[in-house]
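Engineer: My structure file my_file-v6.txt, compact mmCIF, C-alpha atoms, is below:
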# COMPACT_ATOMS: atom_id res chain seq x y z
CA MET A 1 -23.60 8.39 3.06
CA ILE A 2 -20.89 5.74 2.81
CA ASN A 3 -22.29 2.24 3.13
CA THR A 4 -19.67 0.37 5.15
CA GLN A 5 -21.72 -1.99 7.30
CA ASP A 6 -19.41 -3.79 9.75
CA ASP A 7 -21.41 -6.90 10.59
CA PHE A 8 -22.99 -9.41 8.25
CA ASP A 9 -26.66 -10.28 8.46
CA PRO A 10 -26.96 -13.38 10.75
CA LYS A 11 -28.29 -15.51 7.88
CA LEU A 12 -25.39 -14.44 5.66
CA ARG A 13 -22.94 -15.23 8.47
CA LEU A 14 -24.45 -18.73 8.85
CA ALA A 15 -24.25 -19.28 5.09
CA TYR A 16 -20.69 -17.99 5.06
CA ASP A 17 -19.66 -20.43 7.81
CA CYS A 18 -21.22 -23.29 5.87
CA VAL A 19 -19.36 -22.25 2.73
CA ILE A 20 -16.05 -22.09 4.58
CA LYS A 21 -16.53 -25.60 6.01
CA ALA A 22 -17.52 -26.99 2.62
CA LEU A 23 -14.56 -25.43 0.88
CA ARG A 24 -12.18 -26.69 3.54
CA LYS A 25 -13.53 -30.18 2.94
CA HIS A 26 -13.38 -30.09 -0.85
CA LEU A 27 -10.33 -27.91 -1.42
CA GLU A 28 -7.81 -29.04 1.17
CA SER A 29 -4.92 -28.71 -1.29
CA GLU A 30 -5.82 -25.06 -2.00
CA ILE A 31 -7.12 -23.98 1.39
CA GLU A 32 -4.39 -21.36 1.91
CA LEU A 33 -5.51 -19.51 -1.20
CA TRP A 34 -9.15 -19.60 -0.18
CA ASP A 35 -8.40 -18.60 3.40
CA GLU A 36 -6.80 -15.48 1.95
CA HIS A 37 -9.40 -14.46 -0.63
CA LEU A 38 -12.77 -16.07 0.16
CA PRO A 39 -13.49 -14.08 3.35
CA LYS A 40 -12.76 -10.80 1.57
CA ILE A 41 -14.99 -11.62 -1.37
CA VAL A 42 -17.86 -12.66 0.90
CA GLU A 43 -17.41 -9.44 2.89
CA LEU A 44 -17.41 -7.32 -0.28
CA SER A 45 -20.49 -9.12 -1.62
CA ASP A 46 -22.31 -7.96 1.49
CA LYS A 47 -21.16 -4.35 1.21
CA PHE A 48 -21.32 -3.68 -2.54
CA LYS A 49 -25.07 -3.76 -3.14
CA LEU A 50 -27.07 -2.02 -5.83
CA VAL A 51 -29.37 0.69 -4.53
CA GLU A 52 -33.00 -0.38 -4.23
CA GLU A 53 -34.70 3.02 -4.01
CA PRO A 54 -36.23 3.78 -7.47
CA GLU A 55 -35.50 7.51 -7.23
CA LEU A 56 -31.79 6.95 -6.59
CA ARG A 57 -31.62 4.26 -9.25
CA LYS A 58 -33.09 6.69 -11.79
CA LEU A 59 -30.63 9.38 -10.69
CA ALA A 60 -27.73 6.96 -11.18
CA LEU A 61 -28.93 6.01 -14.67
CA ASP A 62 -29.50 9.66 -15.61
CA PHE A 63 -25.90 10.52 -14.72
CA LEU A 64 -24.56 7.50 -16.60
CA ARG A 65 -26.51 8.43 -19.73
CA GLU A 66 -25.27 12.01 -19.48
CA SER A 67 -21.77 10.51 -19.33
CA GLU A 68 -22.46 8.76 -22.65
CA ILE A 69 -23.54 12.09 -24.18
CA ASP A 70 -20.34 13.76 -22.98
CA MET A 71 -18.31 10.94 -24.54
CA CYS A 72 -20.07 11.55 -27.86
CA SER A 73 -19.33 15.27 -27.60
CA CYS A 74 -15.71 14.48 -26.82
CA GLU A 75 -15.35 12.26 -29.87
CA ILE A 76 -16.83 14.87 -32.22
CA LEU A 77 -14.65 17.67 -30.85
CA TYR A 78 -11.56 15.45 -30.85
CA ARG A 79 -12.04 14.53 -34.51
CA ASN A 80 -12.23 18.24 -35.30
CA ASN A 81 -9.05 19.03 -33.30
CA VAL A 82 -10.91 21.10 -30.70
CA TYR A 83 -8.78 19.60 -27.98
CA PRO A 84 -9.50 21.81 -24.93
CA HIS A 85 -13.24 21.22 -25.20
CA ALA A 86 -12.79 17.56 -26.10
CA THR A 87 -10.70 17.12 -22.95
CA TYR A 88 -13.28 18.99 -20.88
CA HIS A 89 -16.10 16.75 -22.10
CA PHE A 90 -14.08 13.64 -21.38
CA GLN A 91 -13.45 14.91 -17.84
CA GLN A 92 -17.19 15.50 -17.50
CA ALA A 93 -17.93 12.01 -18.79
CA VAL A 94 -15.66 10.53 -16.12
CA GLU A 95 -17.18 12.75 -13.43
CA LYS A 96 -20.79 11.91 -14.32
CA ALA A 97 -19.99 8.20 -14.58
CA SER A 98 -18.42 8.42 -11.11
CA LYS A 99 -21.54 10.06 -9.68
CA GLY A 100 -23.74 7.46 -11.38
CA TYR A 101 -21.63 4.75 -9.76
CA MET A 102 -21.85 6.38 -6.31
CA TRP A 103 -25.63 6.63 -6.44
CA GLY A 104 -26.05 3.26 -8.14
CA PHE A 105 -24.29 1.43 -5.31
CA GLY A 106 -25.79 3.51 -2.53
CA PHE A 107 -22.67 5.38 -1.49
CA LEU A 108 -24.56 8.66 -1.87
CA GLY A 109 -27.98 9.53 -0.50
CA ARG A 110 -30.82 11.45 -2.06
CA ASP A 111 -29.62 14.82 -0.75
CA ASP A 112 -25.91 14.32 -1.37
CA ARG A 113 -24.23 16.46 -3.99
CA ILE A 114 -20.56 16.22 -4.87
CA ARG A 115 -18.36 18.72 -6.67
CA PHE A 116 -16.03 17.69 -9.48
CA HIS A 117 -12.92 17.26 -7.31
CA GLU A 118 -14.66 15.12 -4.69
CA SER A 119 -15.14 11.94 -6.76
CA PRO A 120 -11.52 10.75 -6.49
CA LYS A 121 -11.56 11.41 -2.74
CA LEU A 122 -14.80 9.45 -2.31
CA PHE A 123 -13.47 6.52 -4.31
CA LEU A 124 -10.32 6.44 -2.23
CA MET A 125 -12.35 6.65 0.96
CA ILE A 126 -14.55 3.75 -0.11
CA LEU A 127 -11.56 1.60 -1.06
CA GLU A 128 -9.82 2.49 2.18
CA LYS A 129 -12.84 1.87 4.44
CA MET A 130 -13.34 -1.52 2.85
CA ASP A 131 -9.66 -2.30 3.36
CA LEU A 132 -9.17 -2.96 -0.34
CA PHE A 133 -5.66 -1.52 -0.78
CA ALA A 134 -3.84 -4.43 0.86
CA TRP A 135 -6.12 -7.03 -0.70
CA LEU A 136 -5.66 -5.63 -4.20
CA GLU A 137 -1.90 -5.59 -3.72
CA SER A 138 -2.01 -9.26 -2.63
CA LEU A 139 -3.35 -10.33 -6.02
CA PRO A 140 -0.66 -11.48 -8.47
CA GLU A 141 0.90 -8.80 -10.70
CA THR A 142 -1.32 -6.07 -9.30
CA ARG A 143 -0.01 -2.54 -8.66
CA ILE A 144 -3.27 -0.69 -8.17
CA GLY A 145 -3.00 -0.50 -4.37
CA SER A 146 0.30 1.38 -4.39
CA LEU A 147 -0.99 3.59 -7.21
CA MET A 148 -4.02 4.55 -5.12
CA LEU A 149 -1.78 5.46 -2.21
CA LYS A 150 0.18 7.70 -4.56
CA ALA A 151 -3.12 9.22 -5.64
CA LYS A 152 -3.91 10.24 -2.07
CA ARG A 153 -0.81 12.42 -2.09
CA ILE A 154 -1.78 13.92 -5.44
CA LEU A 155 -5.18 14.92 -4.11
CA THR A 156 -3.65 17.21 -1.51
CA ASN A 157 -3.17 19.66 -4.41
CA PRO A 158 -5.88 18.92 -7.01
CA GLU A 159 -4.77 21.75 -9.33
CA ASN A 160 -1.14 20.67 -9.41
CA PRO A 161 -0.04 21.48 -12.97
CA GLY A 162 2.31 18.49 -12.83
CA ILE A 163 -0.72 16.18 -13.10
CA ALA A 164 -2.14 18.14 -16.02
CA ARG A 165 1.18 17.86 -17.85
CA TRP A 166 1.66 14.13 -17.36
CA SER A 167 3.13 12.66 -20.54
CA TYR A 168 1.32 10.12 -22.69
CA GLU A 169 3.80 7.51 -21.45
CA GLU A 170 3.09 8.32 -17.79
CA ILE A 171 -0.66 8.09 -18.32
CA SER A 172 -0.26 4.83 -20.26
CA GLU A 173 1.78 3.35 -17.43
CA HIS A 174 -0.98 4.19 -14.95
CA LEU A 175 -3.59 2.71 -17.27
CA SER A 176 -1.61 -0.51 -17.58
CA SER A 177 -2.15 -1.07 -13.86
CA ILE A 178 -5.88 -1.25 -14.61
CA ASP A 179 -5.41 -4.21 -16.95
CA SER A 180 -3.59 -6.45 -14.49
CA SER A 181 -5.79 -5.41 -11.57
CA THR A 182 -9.15 -5.83 -13.27
CA ASN A 183 -8.18 -9.16 -14.80
CA ASN A 184 -7.10 -10.52 -11.42
CA ILE A 185 -10.22 -9.21 -9.71
CA ARG A 186 -12.47 -10.79 -12.35
CA VAL A 187 -10.72 -14.15 -12.15
CA MET A 188 -10.70 -14.23 -8.34
CA VAL A 189 -14.38 -13.29 -7.96
CA GLU A 190 -15.50 -15.72 -10.66
CA GLU A 191 -13.46 -18.59 -9.22
CA VAL A 192 -14.87 -18.11 -5.74
CA PHE A 193 -18.50 -17.85 -6.87
CA ASP A 194 -18.16 -20.74 -9.35
CA CYS A 195 -16.44 -22.88 -6.74
CA VAL A 196 -19.18 -22.25 -4.18
CA SER A 197 -21.86 -23.02 -6.77
CA ALA A 198 -20.20 -26.21 -7.99
CA ARG A 199 -19.00 -27.65 -4.69
CA LEU A 200 -22.27 -27.04 -2.87
CA ASN A 201 -24.30 -28.00 -5.94
CA ILE A 202 -26.09 -24.65 -5.93
CA LYS A 203 -27.36 -23.37 -9.25
CA SER A 204 -29.03 -20.07 -8.59
CA GLU A 205 -29.79 -16.94 -10.55
CA ASN A 206 -28.93 -15.01 -7.39
CA ILE A 207 -25.39 -16.44 -7.36
CA GLU A 208 -24.85 -15.34 -10.95
CA LYS A 209 -26.34 -11.95 -10.18
CA GLY A 210 -24.13 -11.61 -7.10
CA LYS A 211 -21.05 -12.50 -9.12
CA ALA A 212 -21.90 -9.98 -11.84
CA THR A 213 -22.70 -7.23 -9.34
CA LEU A 214 -19.53 -7.61 -7.30
CA THR A 215 -17.33 -7.91 -10.39
CA ARG A 216 -18.83 -4.76 -11.89
CA ALA A 217 -18.62 -2.89 -8.57
CA LEU A 218 -14.92 -3.62 -8.13
CA LEU A 219 -13.86 -3.16 -11.76
CA SER A 220 -15.73 0.13 -12.13
CA ALA A 221 -14.36 1.44 -8.82
CA VAL A 222 -10.78 0.84 -9.97
CA VAL A 223 -11.27 2.25 -13.48
CA LEU A 224 -13.32 5.30 -12.50
CA CYS A 225 -11.11 6.14 -9.54
CA LEU A 226 -7.98 6.16 -11.68
CA LEU A 227 -9.57 8.08 -14.57
CA SER A 228 -11.03 10.66 -12.19
CA ILE A 229 -7.55 11.26 -10.75
CA ILE A 230 -5.93 11.60 -14.19
CA MET A 231 -8.63 14.04 -15.31
CA LEU A 232 -8.84 15.94 -12.01
CA PRO A 233 -7.25 19.30 -13.00
CA HIS A 234 -8.71 19.47 -16.50
CA GLU A 235 -12.20 20.68 -15.51
CA ALA A 236 -10.75 24.14 -14.89
CA TYR A 237 -7.58 24.22 -17.01
CA THR A 238 -9.43 23.49 -20.27
CA ARG A 239 -11.68 26.53 -19.85
CA TYR A 240 -9.92 29.31 -17.96
CA PRO A 241 -6.88 31.12 -19.42
CA ASP A 242 -5.83 32.49 -16.03
CA ARG A 243 -4.80 29.08 -14.62
CA ASN A 244 -1.40 27.34 -14.48
CA VAL A 245 -2.20 25.39 -17.65
CA LYS A 246 -4.08 27.36 -20.28
CA PRO A 247 -6.65 26.15 -22.85
CA ASP A 248 -4.33 26.91 -25.78
CA GLU A 249 -1.81 24.44 -24.34
CA TYR A 250 -4.22 21.58 -25.09
CA THR A 251 -2.65 20.55 -28.38
CA SER A 252 -2.23 17.13 -29.95
CA GLU A 253 1.14 16.86 -28.20
CA LEU A 254 -0.16 17.21 -24.64
CA GLY A 255 -0.12 13.86 -22.86
CA VAL A 256 -3.74 13.87 -21.74
CA VAL A 257 -4.94 14.84 -25.22
CA LYS A 258 -2.97 12.03 -26.86
CA ALA A 259 -4.32 9.60 -24.24
CA ILE A 260 -8.03 10.40 -24.66
CA PRO A 261 -8.73 7.67 -27.29
CA LYS A 262 -6.98 5.16 -25.05
CA MET A 263 -8.82 6.28 -21.91
CA MET A 264 -12.13 6.21 -23.79
CA LYS A 265 -11.66 2.47 -24.31
CA TYR A 266 -11.60 2.04 -20.53
CA LEU A 267 -14.51 4.35 -19.76
CA GLN A 268 -17.08 3.27 -22.35
CA PRO A 269 -17.44 -0.39 -21.28
CA GLU A 270 -17.68 0.60 -17.61
CA VAL A 271 -20.51 3.04 -18.28
CA GLU A 272 -22.32 0.54 -20.50
CA GLY A 273 -21.87 -2.21 -17.91
CA LEU A 274 -23.15 -0.03 -15.08
CA ILE A 275 -26.24 0.97 -17.08
CA VAL A 276 -27.05 -2.69 -17.74
CA ILE A 277 -26.60 -3.89 -14.17
CA ILE A 278 -28.44 -0.95 -12.55
CA SER A 279 -31.29 -1.21 -15.10
CA GLU A 280 -31.69 -4.93 -14.38
CA GLN A 281 -32.08 -4.15 -10.67
CA SER A 282 -35.41 -2.49 -11.43
CA LYS A 283 -36.86 -5.57 -13.16
Starting from the coordinates I provided, produce the structure as C-alpha cells.
Structural biologist:
Amino acid sequence: MINTQDDFDPKLRLAYDCVIKALRKHLESEIELWDEHLPKIVELSDKFKLVEEPELRKLALDFLRESEIDMCSCEILYRNNVYPHATYHFQQAVEKASKGYMWGFGFLGRDDRIRFHESPKLFLMILEKMDLFAWLESLPETRIGSLMLKAKRILTNPENPGIARWSYEEISEHLSSIDSSTNNIRVMVEEVFDCVSARLNIKSENIEKGKATLTRALLSAVVLCLLSIIMLPHEAYTRYPDRNVKPDEYTSELGVVKAIPKMMKYLQPEVEGLIVIISEQSK
C-alpha cells in the first residue's frame, strides 16, 4: 500500500494558493527559489503523513525498538570481534528500522509483509513515485539522486558479491552523500515552514509538527534507503558458508566491517527520531 495521493485536499489547495500569493508579495527578490522548492515541499507535506491507526503505529514502534536491540547486539559482538554476527545484527537493525518507517508513515498496510531484500526497492519506489530524484539533485551540493539511480541497477542482482566487498573508502564515499543531502533537505524544509509562519504571522503547533514530520520523513528515507542498499547482501553472506562471500571472510579488514561504527552513527539518531515522532502521534 503505497500512499501517493495525486490531488491535494481542497482546503489544503486553497491554503497553498494563499501561501504562494503571500510569498510572491513578500519575497519578490527570491521568488525564483521559492517557485522551485515551495510547491514540492507543500506536496510532500501532504503525502508524508504519520499513520493514524493505533495498531499500525504500535507495529511501527515495535519494529523500531527491535532495531535498537539489534544495534545493541551488534555493538557487543563487534567489541568481541565476532564480526559476521555483528554485521548480521546491524543488517537486521537497518531492516527493522526500514519496516518501522514504512508502517509509521503508512506506506504498508496491516496485512503487508516484506522480506529483507524488498526494503531498498520500496524506498526507491516511494522516492520515484514522489518524483524526489530530480528535486534532491536540484539542491546545492547534493548527489543522493544520482546515487539512488545507481542503486536501482545494483538491486537487479541483490546478492552481487561486489556490493558485499565494497571497500571502507567506497562505503564512506556513499555515506558522505547523506551529509550534504540531509543538511540541504533540513535547511530547505525549515526555511519554507519558517517563512510561511513569519510572513503570514501564523504561530501554530501544527506548523512546527508539520515541519518536524516532513524533515524526519525525508531524512530517514534517505538514510535508511542508502544503509539498506549497503547492507543488502549481508543477511545471507554472514550466515551461510555456501555463498559467494563466506562468514569467515568477515574480518576487521572487510570494508563493511570497518564501516559499521560509522554507519551506526547514521542509524541510531534516525531510529531514535522516528520513535519520538511516531510516539507523539498517539498523544
Engineer: Which residue, A:Lys265, A:Arg113, A:Lys209, A:Lys121, has the smallest gap to A:Glu280 when you use only C-alpha atoms?
Structural biologist: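 Looking at the shortest contact to A:Glu280, the residue is A:Lys209.
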Engineer: Have a look at atom CA of A:Lys99 and atom CA of A:Arg243 and let me know their distance in Å, one decimal.
Structural biologist: 25.8 Å
Engineer: Please work out which residues fall within 8 Å of (-35.3, 13.0, -1.5), coordinates as given in the file, with all atoms listed in the file counting, and return them as a PyMOL selection string.
Structural biologist: chain A and resi 55+110-111
Engineer: Those same residues - C-alpha atoms - I'd like them written as a PDB file, in the frame of the given file.
Structural biologist:
ATOM      1  CA  GLU A  55     -35.500   7.510  -7.230  1.00  0.00           C
ATOM      2  CA  ARG A 110     -30.820  11.450  -2.060  1.00  0.00           C
ATOM      3  CA  ASP A 111     -29.620  14.820  -0.750  1.00  0.00           C
TER       4      ASP A 111
END
Engineer: How far is it from atom CA of A:Trp166 to atom CA of A:Ser220, in Å with one decimal?
Structural biologist: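 Calculated distance between atom CA of A:Trp166 and atom CA of A:Ser220 is 22.9 Å.
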Engineer: Compile the contact shell of stretch 247-255 of chain A as a ChimeraX atom specification: residues with an atom at most 6 Å away, counting only C-alpha atoms, same-chain residues fewer than 5 positions apart removed.
Structural biologist: /A:83-84,166-168,238-239
Engineer: One number please: atom CA of A:Val82 to atom CA of A:Asp179, in Å, one decimal.
Structural biologist: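 Computing the Euclidean distance for atom CA of A:Val82 and atom CA of A:Asp179 yields 29.3 Å.
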Engineer: Counting all atoms listed in the file, figure out which residue out of A:Val51, A:Val276, A:Val257, A:Leu267 gets nearest to A:Asn81.
Structural biologist: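 Nearest candidate to A:Asn81 out of A:Val51, A:Val276, A:Val257, A:Leu267: A:Val257.
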Engineer: Go ahead and find all residues with at least one atom no further than 10 Å from (-13.8, -4.0, -9.5) in the file's coordinates, using only C-alpha atoms; report them as a list in words.
Structural biologist: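 Checking each residue against the 10 Å limit leaves Leu136, Ile178, Ser181, Thr182, Asn183, Asn184, Ile185, Arg186, Val189, Thr213, Leu214, Thr215, Arg216, Ala217, Leu218, Leu219, Ser220, Ala221, Val222, Val223 and Leu224 of chain A.
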Engineer: Do a neighbour search on A:Met263 at 12 Å with all atoms listed in the file, toss out local chain neighbours closer than 5 positions, and write the hits as a ChimeraX atom specification.
Structural biologist: /A:71,74-75,87,90-91,93-94,168,171-176,178,223-224,226-228,230-231,255-258,268-270
Engineer: Please, could N, CA and C atoms be added to stretch 75-92 of chain A and the result written as a short mmCIF file (atom, residue, chain, number, x, y, z; two decimals), in the frame of the given file?
Structural biologist:
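Written output follows (result-v6.cif):
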data_model
loop_
_atom_site.label_atom_id
_atom_site.label_comp_id
_atom_site.auth_asym_id
_atom_site.auth_seq_id
_atom_site.Cartn_x
_atom_site.Cartn_y
_atom_site.Cartn_z
N GLU A 75 -15.80 12.88 -28.62
CA GLU A 75 -15.35 12.26 -29.87
C GLU A 75 -15.49 13.21 -31.05
N ILE A 76 -16.61 13.92 -31.12
CA ILE A 76 -16.83 14.87 -32.22
C ILE A 76 -15.80 16.00 -32.17
N LEU A 77 -15.61 16.57 -31.00
CA LEU A 77 -14.65 17.67 -30.85
C LEU A 77 -13.22 17.20 -31.11
N TYR A 78 -12.91 15.99 -30.67
CA TYR A 78 -11.56 15.45 -30.85
C TYR A 78 -11.25 15.26 -32.33
N ARG A 79 -12.24 14.73 -33.07
CA ARG A 79 -12.04 14.53 -34.51
C ARG A 79 -11.82 15.85 -35.24
N ASN A 80 -12.36 16.92 -34.68
CA ASN A 80 -12.23 18.24 -35.30
C ASN A 80 -11.11 19.07 -34.67
N ASN A 81 -10.25 18.40 -33.90
CA ASN A 81 -9.05 19.03 -33.30
C ASN A 81 -9.37 20.15 -32.31
N VAL A 82 -10.55 20.12 -31.74
CA VAL A 82 -10.91 21.10 -30.70
C VAL A 82 -10.56 20.46 -29.36
N TYR A 83 -9.27 20.43 -29.07
CA TYR A 83 -8.78 19.60 -27.98
C TYR A 83 -9.13 20.09 -26.57
N PRO A 84 -9.13 21.41 -26.29
CA PRO A 84 -9.50 21.81 -24.93
C PRO A 84 -10.91 21.36 -24.56
N HIS A 85 -11.84 21.57 -25.48
CA HIS A 85 -13.24 21.22 -25.20
C HIS A 85 -13.45 19.71 -25.24
N ALA A 86 -12.71 19.03 -26.09
CA ALA A 86 -12.79 17.56 -26.10
C ALA A 86 -12.32 17.00 -24.75
N THR A 87 -11.24 17.56 -24.24
CA THR A 87 -10.70 17.12 -22.95
C THR A 87 -11.69 17.42 -21.83
N TYR A 88 -12.30 18.62 -21.89
CA TYR A 88 -13.28 18.99 -20.88
C TYR A 88 -14.45 18.01 -20.88
N HIS A 89 -14.96 17.66 -22.04
CA HIS A 89 -16.10 16.75 -22.10
C HIS A 89 -15.73 15.34 -21.65
N PHE A 90 -14.49 14.95 -21.89
CA PHE A 90 -14.08 13.64 -21.38
C PHE A 90 -14.01 13.67 -19.86
N GLN A 91 -13.48 14.78 -19.30
CA GLN A 91 -13.45 14.91 -17.84
C GLN A 91 -14.87 14.86 -17.28
N GLN A 92 -15.80 15.51 -17.96
CA GLN A 92 -17.19 15.50 -17.50
C GLN A 92 -17.80 14.11 -17.61
#
